[in-house]
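Data block for work_31.txt (compact mmCIF, C-alpha atoms):
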```txt
# COMPACT_ATOMS: atom_id res chain seq x y z
CA MET A 1 133.06 137.12 110.66
CA ARG A 2 129.57 138.55 110.20
CA ASN A 3 129.19 141.99 111.77
CA VAL A 4 126.24 142.56 114.10
CA ILE A 5 125.47 145.91 115.71
CA VAL A 6 123.92 145.64 119.17
CA THR A 7 122.65 148.92 120.60
CA GLY A 8 122.62 149.31 124.36
CA GLY A 9 125.26 146.60 124.47
CA SER A 10 127.01 147.75 127.64
CA ARG A 11 124.72 146.18 130.24
CA GLY A 12 121.54 144.24 130.85
CA LEU A 13 119.97 142.39 127.93
CA GLY A 14 122.24 144.10 125.38
CA LEU A 15 125.38 142.86 127.08
CA GLY A 16 123.93 139.35 127.41
CA LEU A 17 123.12 139.46 123.69
CA ALA A 18 126.59 140.66 122.79
CA ARG A 19 128.20 137.89 124.86
CA ARG A 20 126.07 135.22 123.30
CA LEU A 21 126.59 136.45 119.74
CA THR A 22 130.39 136.56 120.10
CA ARG A 23 130.25 132.93 121.24
CA ALA A 24 128.12 132.12 118.20
CA GLY A 25 130.85 133.39 115.88
CA TYR A 26 129.67 136.93 115.11
CA ARG A 27 131.71 140.09 115.38
CA VAL A 28 129.66 142.25 117.73
CA ILE A 29 129.81 146.02 117.58
CA ALA A 30 128.24 147.21 120.82
CA ILE A 31 126.98 150.79 120.89
CA ALA A 32 126.29 152.57 124.17
CA ARG A 33 127.03 155.88 125.81
CA LYS A 34 129.67 154.64 128.24
CA GLU A 35 131.80 151.60 128.79
CA THR A 36 130.78 149.80 132.00
CA ASN A 37 132.88 147.47 134.17
CA GLN A 38 130.74 144.54 133.12
CA LEU A 39 131.35 145.44 129.48
CA THR A 40 135.13 145.69 129.93
CA LEU A 41 135.17 142.24 131.56
CA ALA A 42 132.97 140.73 128.86
CA MET A 43 135.18 142.20 126.13
CA GLU A 44 138.32 140.78 127.74
CA GLU A 45 136.66 137.40 128.04
CA ALA A 46 135.51 137.48 124.40
CA GLU A 47 138.96 138.56 123.25
CA ARG A 48 140.55 135.50 124.90
CA ALA A 49 138.00 133.05 123.48
CA HIS A 50 137.35 134.62 120.05
CA PRO A 51 139.87 137.35 119.21
CA GLY A 52 138.40 140.36 117.41
CA SER A 53 134.81 139.34 118.17
CA PHE A 54 133.76 142.20 120.45
CA HIS A 55 134.07 145.91 119.71
CA PHE A 56 132.68 148.84 121.62
CA VAL A 57 131.74 152.19 120.08
CA PRO A 58 130.79 154.97 122.50
CA PHE A 59 127.87 156.93 121.07
CA ASP A 60 124.77 158.63 122.41
CA LEU A 61 121.89 157.29 120.32
CA ALA A 62 119.73 160.25 121.36
CA GLU A 63 121.90 162.27 118.92
CA THR A 64 119.90 161.22 115.89
CA ALA A 65 121.54 163.83 113.63
CA ALA A 66 124.89 162.06 114.05
CA ILE A 67 123.61 158.56 113.23
CA ALA A 68 124.31 158.74 109.48
CA ALA A 69 127.98 159.48 110.14
CA LEU A 70 128.12 156.74 112.78
CA VAL A 71 126.90 154.08 110.34
CA LYS A 72 129.33 155.27 107.71
CA SER A 73 132.26 155.02 110.11
CA LEU A 74 131.19 151.54 111.28
CA ARG A 75 131.07 150.30 107.69
CA ASN A 76 134.45 151.85 106.93
CA ALA A 77 136.00 150.28 110.01
CA HIS A 78 134.39 146.82 109.90
CA GLY A 79 132.96 146.23 106.43
CA PRO A 80 129.39 145.18 105.53
CA ILE A 81 126.87 145.01 108.36
CA TYR A 82 125.06 141.68 108.49
CA GLY A 83 122.84 142.22 111.51
CA LEU A 84 121.32 145.02 113.56
CA VAL A 85 119.78 144.43 116.98
CA ASN A 86 117.85 147.49 118.13
CA ASN A 87 118.01 146.86 121.84
CA ALA A 88 118.84 150.21 123.48
CA ALA A 89 115.89 151.66 125.33
CA VAL A 90 114.93 153.54 128.46
CA GLY A 91 112.27 152.21 130.80
CA PHE A 92 110.85 155.04 132.89
CA ASP A 93 107.61 154.12 134.60
CA GLY A 94 105.02 156.28 136.27
CA VAL A 95 101.42 157.28 135.85
CA LEU A 96 100.95 159.24 132.66
CA ALA A 97 99.06 162.05 134.41
CA LEU A 98 102.18 162.89 136.41
CA MET A 99 104.95 162.04 133.99
CA PRO A 100 107.14 165.04 133.05
CA ASN A 101 106.92 165.87 129.34
CA THR A 102 110.69 165.72 129.10
CA GLN A 103 110.55 162.08 130.19
CA ILE A 104 107.83 161.32 127.65
CA GLU A 105 109.96 162.88 124.94
CA GLN A 106 113.03 160.99 126.06
CA LEU A 107 111.14 157.69 125.94
CA VAL A 108 109.92 158.34 122.40
CA ARG A 109 113.32 159.61 121.26
CA MET A 110 115.32 156.70 122.67
CA ASN A 111 112.85 153.86 122.11
CA THR A 112 111.20 154.87 118.82
CA LEU A 113 112.91 157.70 116.94
CA SER A 114 116.51 156.61 117.44
CA PRO A 115 116.08 152.95 116.39
CA ILE A 116 114.08 154.02 113.33
CA VAL A 117 116.78 156.47 112.18
CA LEU A 118 119.56 153.97 112.88
CA THR A 119 117.67 151.30 110.95
CA LYS A 120 117.23 153.71 108.02
CA TYR A 121 120.98 154.03 107.51
CA VAL A 122 121.81 150.42 108.28
CA VAL A 123 119.10 148.97 106.03
CA ARG A 124 120.29 151.12 103.14
CA ALA A 125 123.71 149.60 103.49
CA MET A 126 122.21 146.10 103.79
CA MET A 127 120.20 146.64 100.60
CA ALA A 128 123.28 147.82 98.75
CA ASP A 129 125.25 144.84 100.08
CA GLY A 130 122.54 142.32 99.14
CA GLY A 131 120.85 141.40 102.43
CA GLY A 132 120.86 141.37 106.21
CA ARG A 133 118.97 140.78 109.43
CA ILE A 134 117.23 143.26 111.69
CA VAL A 135 115.90 142.35 115.12
CA ASN A 136 113.93 144.91 117.12
CA VAL A 137 113.69 144.35 120.83
CA ALA A 138 110.09 145.20 121.72
CA SER A 139 108.34 143.98 124.88
CA ILE A 140 105.21 142.14 125.91
CA VAL A 141 104.14 145.60 127.11
CA GLY A 142 103.80 146.42 123.40
CA PHE A 143 100.65 144.29 123.22
CA THR A 144 99.50 143.77 126.78
CA GLY A 145 98.79 146.37 129.42
CA TYR A 146 100.76 147.28 132.54
CA SER A 147 99.73 150.21 134.68
CA GLY A 148 102.53 152.76 134.81
CA LEU A 149 104.03 151.76 131.47
CA SER A 150 101.72 153.52 129.00
CA VAL A 151 104.43 155.55 127.26
CA TYR A 152 106.96 152.72 127.35
CA GLY A 153 104.20 150.45 125.99
CA ALA A 154 103.47 152.94 123.20
CA THR A 155 107.11 152.96 122.13
CA LYS A 156 107.32 149.17 122.18
CA ALA A 157 104.10 148.83 120.18
CA SER A 158 105.66 151.23 117.68
CA MET A 159 108.53 148.78 117.18
CA LEU A 160 106.07 145.99 116.40
CA GLY A 161 104.33 148.07 113.72
CA PHE A 162 107.67 149.27 112.34
CA THR A 163 108.84 145.67 112.06
CA ARG A 164 105.85 144.47 110.05
CA SER A 165 105.80 147.21 107.44
CA LEU A 166 109.56 147.42 107.04
CA ALA A 167 109.69 143.65 106.55
CA ARG A 168 107.36 144.06 103.57
CA GLU A 169 109.37 146.97 102.21
CA VAL A 170 112.82 145.38 102.23
CA GLY A 171 111.98 141.68 101.91
CA ARG A 172 112.82 141.43 98.24
CA MET A 173 116.24 142.89 98.97
CA GLY A 174 117.05 139.89 101.16
CA VAL A 175 116.64 141.71 104.46
CA THR A 176 114.54 140.14 107.22
CA VAL A 177 112.99 142.25 109.99
CA ASN A 178 111.60 140.70 113.17
CA SER A 179 110.77 141.66 116.73
CA ILE A 180 111.45 139.98 120.03
CA ALA A 181 109.00 140.57 122.87
CA PRO A 182 110.65 139.73 126.17
CA GLY A 183 108.67 139.52 129.36
CA PHE A 184 110.00 141.10 132.55
CA LEU A 185 113.70 140.28 132.96
CA ASP A 186 115.96 140.76 135.93
CA THR A 187 118.04 143.68 134.63
CA ASP A 188 118.83 147.26 135.66
CA MET A 189 115.71 148.34 133.79
CA THR A 190 113.40 146.42 136.14
CA HIS A 191 115.27 147.03 139.42
CA GLY A 192 112.50 149.44 140.42
CA LEU A 193 110.04 146.55 140.40
CA ASP A 194 109.19 145.68 144.01
CA ASP A 195 109.13 142.12 145.27
CA GLU A 196 105.36 141.95 145.44
CA HIS A 197 105.05 142.92 141.77
CA ARG A 198 107.74 140.49 140.81
CA GLN A 199 105.98 137.65 142.63
CA GLN A 200 102.74 138.61 140.92
CA ILE A 201 104.40 138.41 137.48
CA VAL A 202 105.91 135.03 138.39
CA ARG A 203 102.53 133.72 139.62
CA ARG A 204 100.83 134.81 136.41
CA SER A 205 103.44 133.19 134.16
CA ALA A 206 102.75 129.71 132.80
CA LEU A 207 106.24 128.54 133.75
CA ARG A 208 106.05 130.16 137.23
CA ARG A 209 109.28 132.11 136.75
CA LEU A 210 110.74 135.05 134.86
CA PRO A 211 112.58 134.50 131.58
CA GLU A 212 116.36 134.91 131.74
CA VAL A 213 118.51 137.23 129.68
CA ASP A 214 120.09 134.27 127.93
CA ASP A 215 116.66 132.94 126.90
CA VAL A 216 116.02 136.18 125.04
CA ALA A 217 119.57 136.23 123.67
CA GLY A 218 119.03 132.72 122.31
CA ALA A 219 115.91 133.86 120.47
CA VAL A 220 117.81 136.78 118.91
CA GLU A 221 120.62 134.42 117.88
CA PHE A 222 118.02 132.22 116.21
CA LEU A 223 116.53 135.13 114.25
CA LEU A 224 120.00 136.18 113.08
CA GLY A 225 120.94 132.65 112.05
CA ASP A 226 120.49 130.71 108.83
CA ALA A 227 117.69 128.64 110.39
CA ALA A 228 115.50 131.78 110.41
CA LYS A 229 116.05 132.71 106.76
CA SER A 230 112.34 132.36 105.95
CA ILE A 231 111.07 134.26 108.99
CA THR A 232 110.26 137.94 108.58
CA GLY A 233 107.73 140.50 109.81
CA THR A 234 106.87 138.59 112.94
CA VAL A 235 107.31 138.77 116.69
CA LEU A 236 108.84 136.12 118.93
CA THR A 237 107.61 136.29 122.53
CA VAL A 238 109.98 135.12 125.28
CA ASP A 239 108.07 135.68 128.52
CA ALA A 240 107.88 132.31 130.33
CA GLY A 241 104.22 132.24 129.35
CA ASN A 242 103.24 135.51 131.03
CA THR A 243 100.90 136.48 128.19
CA ALA A 244 99.86 132.93 127.21
CA MET B 1 137.69 160.47 95.66
CA MET B 2 136.94 157.78 93.09
CA ALA B 3 135.19 160.29 90.86
CA THR B 4 138.55 161.29 89.42
CA THR B 5 138.77 158.29 87.13
CA MET B 6 135.12 158.24 86.15
CA SER B 7 132.87 161.24 85.86
CA VAL B 8 130.01 161.61 88.29
CA ARG B 9 127.61 161.24 85.38
CA SER B 10 128.96 157.91 84.23
CA THR B 11 129.16 156.64 87.82
CA VAL B 12 125.47 157.46 88.28
CA THR B 13 124.32 155.90 85.02
CA ALA B 14 126.43 152.80 85.65
CA ARG B 15 124.62 152.31 88.98
CA PHE B 16 121.22 152.67 87.29
CA GLU B 17 122.17 149.96 84.82
CA GLN B 18 123.64 147.71 87.50
CA VAL B 19 120.60 147.88 89.81
CA ALA B 20 118.18 147.39 86.90
CA ARG B 21 120.08 144.24 85.97
CA GLU B 22 120.13 142.91 89.53
CA GLN B 23 116.47 143.65 90.14
CA LYS B 24 115.45 142.35 86.70
CA LYS B 25 113.86 145.65 85.69
CA THR B 26 113.66 147.00 82.16
CA LEU B 27 115.44 150.32 82.15
CA ALA B 28 114.18 153.11 79.88
CA PRO B 29 116.82 154.76 77.66
CA LEU B 30 118.78 157.08 79.97
CA SER B 31 118.54 160.75 79.08
CA ASP B 32 118.56 163.94 81.14
CA ASP B 33 114.83 164.54 80.74
CA LEU B 34 113.87 160.99 81.73
CA VAL B 35 111.42 161.18 84.64
CA LEU B 36 112.79 158.87 87.34
CA LEU B 37 109.36 157.40 88.03
CA ASP B 38 109.22 156.34 84.37
CA SER B 39 112.71 154.85 84.34
CA GLY B 40 111.45 151.35 85.08
CA LEU B 41 112.98 151.41 88.57
CA ASP B 42 110.87 151.72 91.72
CA SER B 43 111.68 153.70 94.85
CA LEU B 44 113.45 150.78 96.52
CA CYS B 45 115.79 150.48 93.53
CA LEU B 46 116.48 154.22 93.77
CA ALA B 47 117.30 153.74 97.47
CA ILE B 48 119.91 151.11 96.56
CA ILE B 49 121.38 153.46 93.95
CA VAL B 50 121.66 156.24 96.55
CA ALA B 51 123.38 153.86 99.00
CA ARG B 52 125.83 152.61 96.37
CA LEU B 53 126.58 156.13 95.15
CA GLU B 54 127.43 157.10 98.71
CA ASP B 55 130.03 154.33 98.69
CA ALA B 56 131.33 155.27 95.25
CA LEU B 57 131.34 159.07 95.52
CA GLY B 58 131.48 159.56 99.29
CA VAL B 59 128.43 161.83 99.26
CA ASP B 60 124.74 161.47 100.00
CA PRO B 61 122.88 164.62 98.93
CA PHE B 62 119.75 163.34 100.70
CA SER B 63 121.29 163.13 104.16
CA SER B 64 122.75 166.61 104.38
CA GLY B 65 120.34 167.56 107.15
CA LYS B 66 118.28 169.66 104.78
CA ASP B 67 115.03 168.12 103.66
CA ALA B 68 116.04 167.88 100.03
CA GLU B 69 113.19 166.98 97.71
CA PHE B 70 113.80 163.93 95.59
CA PRO B 71 114.63 165.03 92.04
CA VAL B 72 112.11 164.44 89.26
CA THR B 73 114.34 163.74 86.26
CA LEU B 74 117.61 161.88 85.78
CA GLY B 75 119.27 165.17 84.80
CA ASP B 76 118.24 166.75 88.15
CA PHE B 77 119.47 163.65 89.96
CA ILE B 78 122.90 163.77 88.28
CA ARG B 79 123.23 167.54 88.90
CA LEU B 80 122.54 166.99 92.61
CA TYR B 81 125.49 164.59 92.77
CA GLU B 82 127.73 166.80 90.63
CA ASP B 83 127.03 169.72 93.00
CA ALA B 84 127.54 167.58 96.11
CA ALA B 85 130.79 166.07 94.83
CA ARG B 86 132.34 169.46 94.17
```
Once you've parsed the file, please lay out its structure as structure tokens.
Amino acid sequence: MRNVIVTGGSRGLGLGLARRLTRAGYRVIAIARKETNQLTLAMEEAERAHPGSFHFVPFDLAETAAIAALVKSLRNAHGPIYGLVNNAAVGFDGVLALMPNTQIEQLVRMNTLSPIVLTKYVVRAMMADGGGRIVNVASIVGFTGYSGLSVYGATKASMLGFTRSLAREVGRMGVTVNSIAPGFLDTDMTHGLDDEHRQQIVRRSALRRLPEVDDVAGAVEFLLGDAAKSITGTVLTVDAGNTA
Amino acid sequence: MMATTMSVRSTVTARFEQVAREQKKTLAPLSDDLVLLDSGLDSLCLAIIVARLEDALGVDPFSSGKDAEFPVTLGDFIRLYEDAAR
């Protein structure tokens, strides 16, 4: 079984990704701070259908100094890492002028610094093992504007830039690096979105609806799969046509 | 540790030769005063060597938390691993 690390795999998009990838035949190693009820249920379900396909490792990704040891222990426990999906992120919103600096720092640490450091250690292992796949979960907010999401947007734009240059750096080692840019999804991250805003996003989307978690998960599965072997350094937008 | 059967030095030089072969690079004759930048390997090749040495020796002198400068010569590079493996 090919090992795929999914960060933030305990709920929301990450959990949907983990579920889908176990069904597709991968061994998913979900990393998150705490096990959630949804995660426990999903792991039990995966265990019945595909034994050994779903593992959970509790870890706080804000602890960037401990990431090297984490990657080492994952490789020791599970063998070579085929795929990394940098999905974990926080989504605080608020006008910049009033946002506490601690929240700004937390956004940059969780959404930019942590995935970069994790990728550093995972990509080294991939290079030594002869190849791999990296998928960074960005957002349409990385290239289009939403009031109240300036810092979040900055971190997501950083993932897009990181993807392009890293793809060039590690391409000849057989590692592909791509981004996914989801539109607004119905997850815990967007529960603060009021109905009026939601309707506005739906109205402005070509398909007159929001994308679903499984739509995004399908796109990640594609980028991890053999069919995407010649795709690197790009971004795949899954937003029901919101930015079309 | 695997370094018991093979010295750190020979483990390091074996990785240089292995990666040069894989990456189809012409490796300069390995000596202690060889400047790494003149070895025929580029920085990405050196990154693979560091990753493989971590597997082989169980140490990564560049991830100790300190901002270690990358060594200039092969001799410096080997000494860094000999010190770390102690």
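The gap separating atom CA of A:Val177 from atom CA of A:Val135 is 5.9 Å, in Å to one decimal.
Taking atom CA of A:Val141 and atom CA of A:Leu118 as the two end points, the separation is 22.6 Å.
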- prompt: If we count only C-alpha atoms, which residues of chain B reach to within 9 Å of chain A? Please list them as an MDAnalysis selection string.
  reply: chainID B and resid 23 44 47:52 63 65
- prompt: Pick from A:Ala46, A:Val28, A:Leu149, A:Leu224: nearest to A:Asn3, with only C-alpha atoms counted?
  reply: A:Val28
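Interatomic distance, atom CA of B:Gly58 to atom CA of A:Pro80: 15.8 Å.
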message: From the options B:Glu69, B:Gly40, B:Pro61, B:Ala56, which residue's atoms come nearest to B:Tyr81, counting all atoms listed in the file?
response: B:Pro61
query: What residues have an atom no more than 7 Å from (117.8, 142.5, 116.5) in the file's own frame, counting all atoms listed in the file, and can you write them as JSON, numbers by chain?
result: {"A": [84, 85, 86, 87, 134, 135, 136, 137, 220]}
Taking all listed atoms of stretch 19-37 of chain B, build the axis-aligned box, pad each of the six sides by 8 Å, then write its centre and edge lengths in Å to one decimal as lines of an AutoDock Vina configuration file.
```
center_x = 115.0
center_y = 153.4
center_z = 83.9
size_x = 27.2
size_y = 38.2
size_z = 28.5
```
- request: Identify, on the basis of all atoms listed in the file, every residue whose closest approach to B:Pro29 does not exceed 12 Å; exclude the query and any residue fewer than 3 positions from it along the same chain; express the result as number ranges by chain.
  value: B: 13, 16-17, 20, 26, 32-36, 38-40, 74
message: Nearest residue to A:Asn37 out of A:Asn242, A:Arg11, A:Ala227, A:Asn111, using only C-alpha atoms?
response: A:Arg11
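Minimum atom-to-atom distance to A:Ala138, evaluated using all atoms listed in the file, belongs to A:Val235 out of A:Leu107, A:Ile81, A:Val235, A:Ile67.
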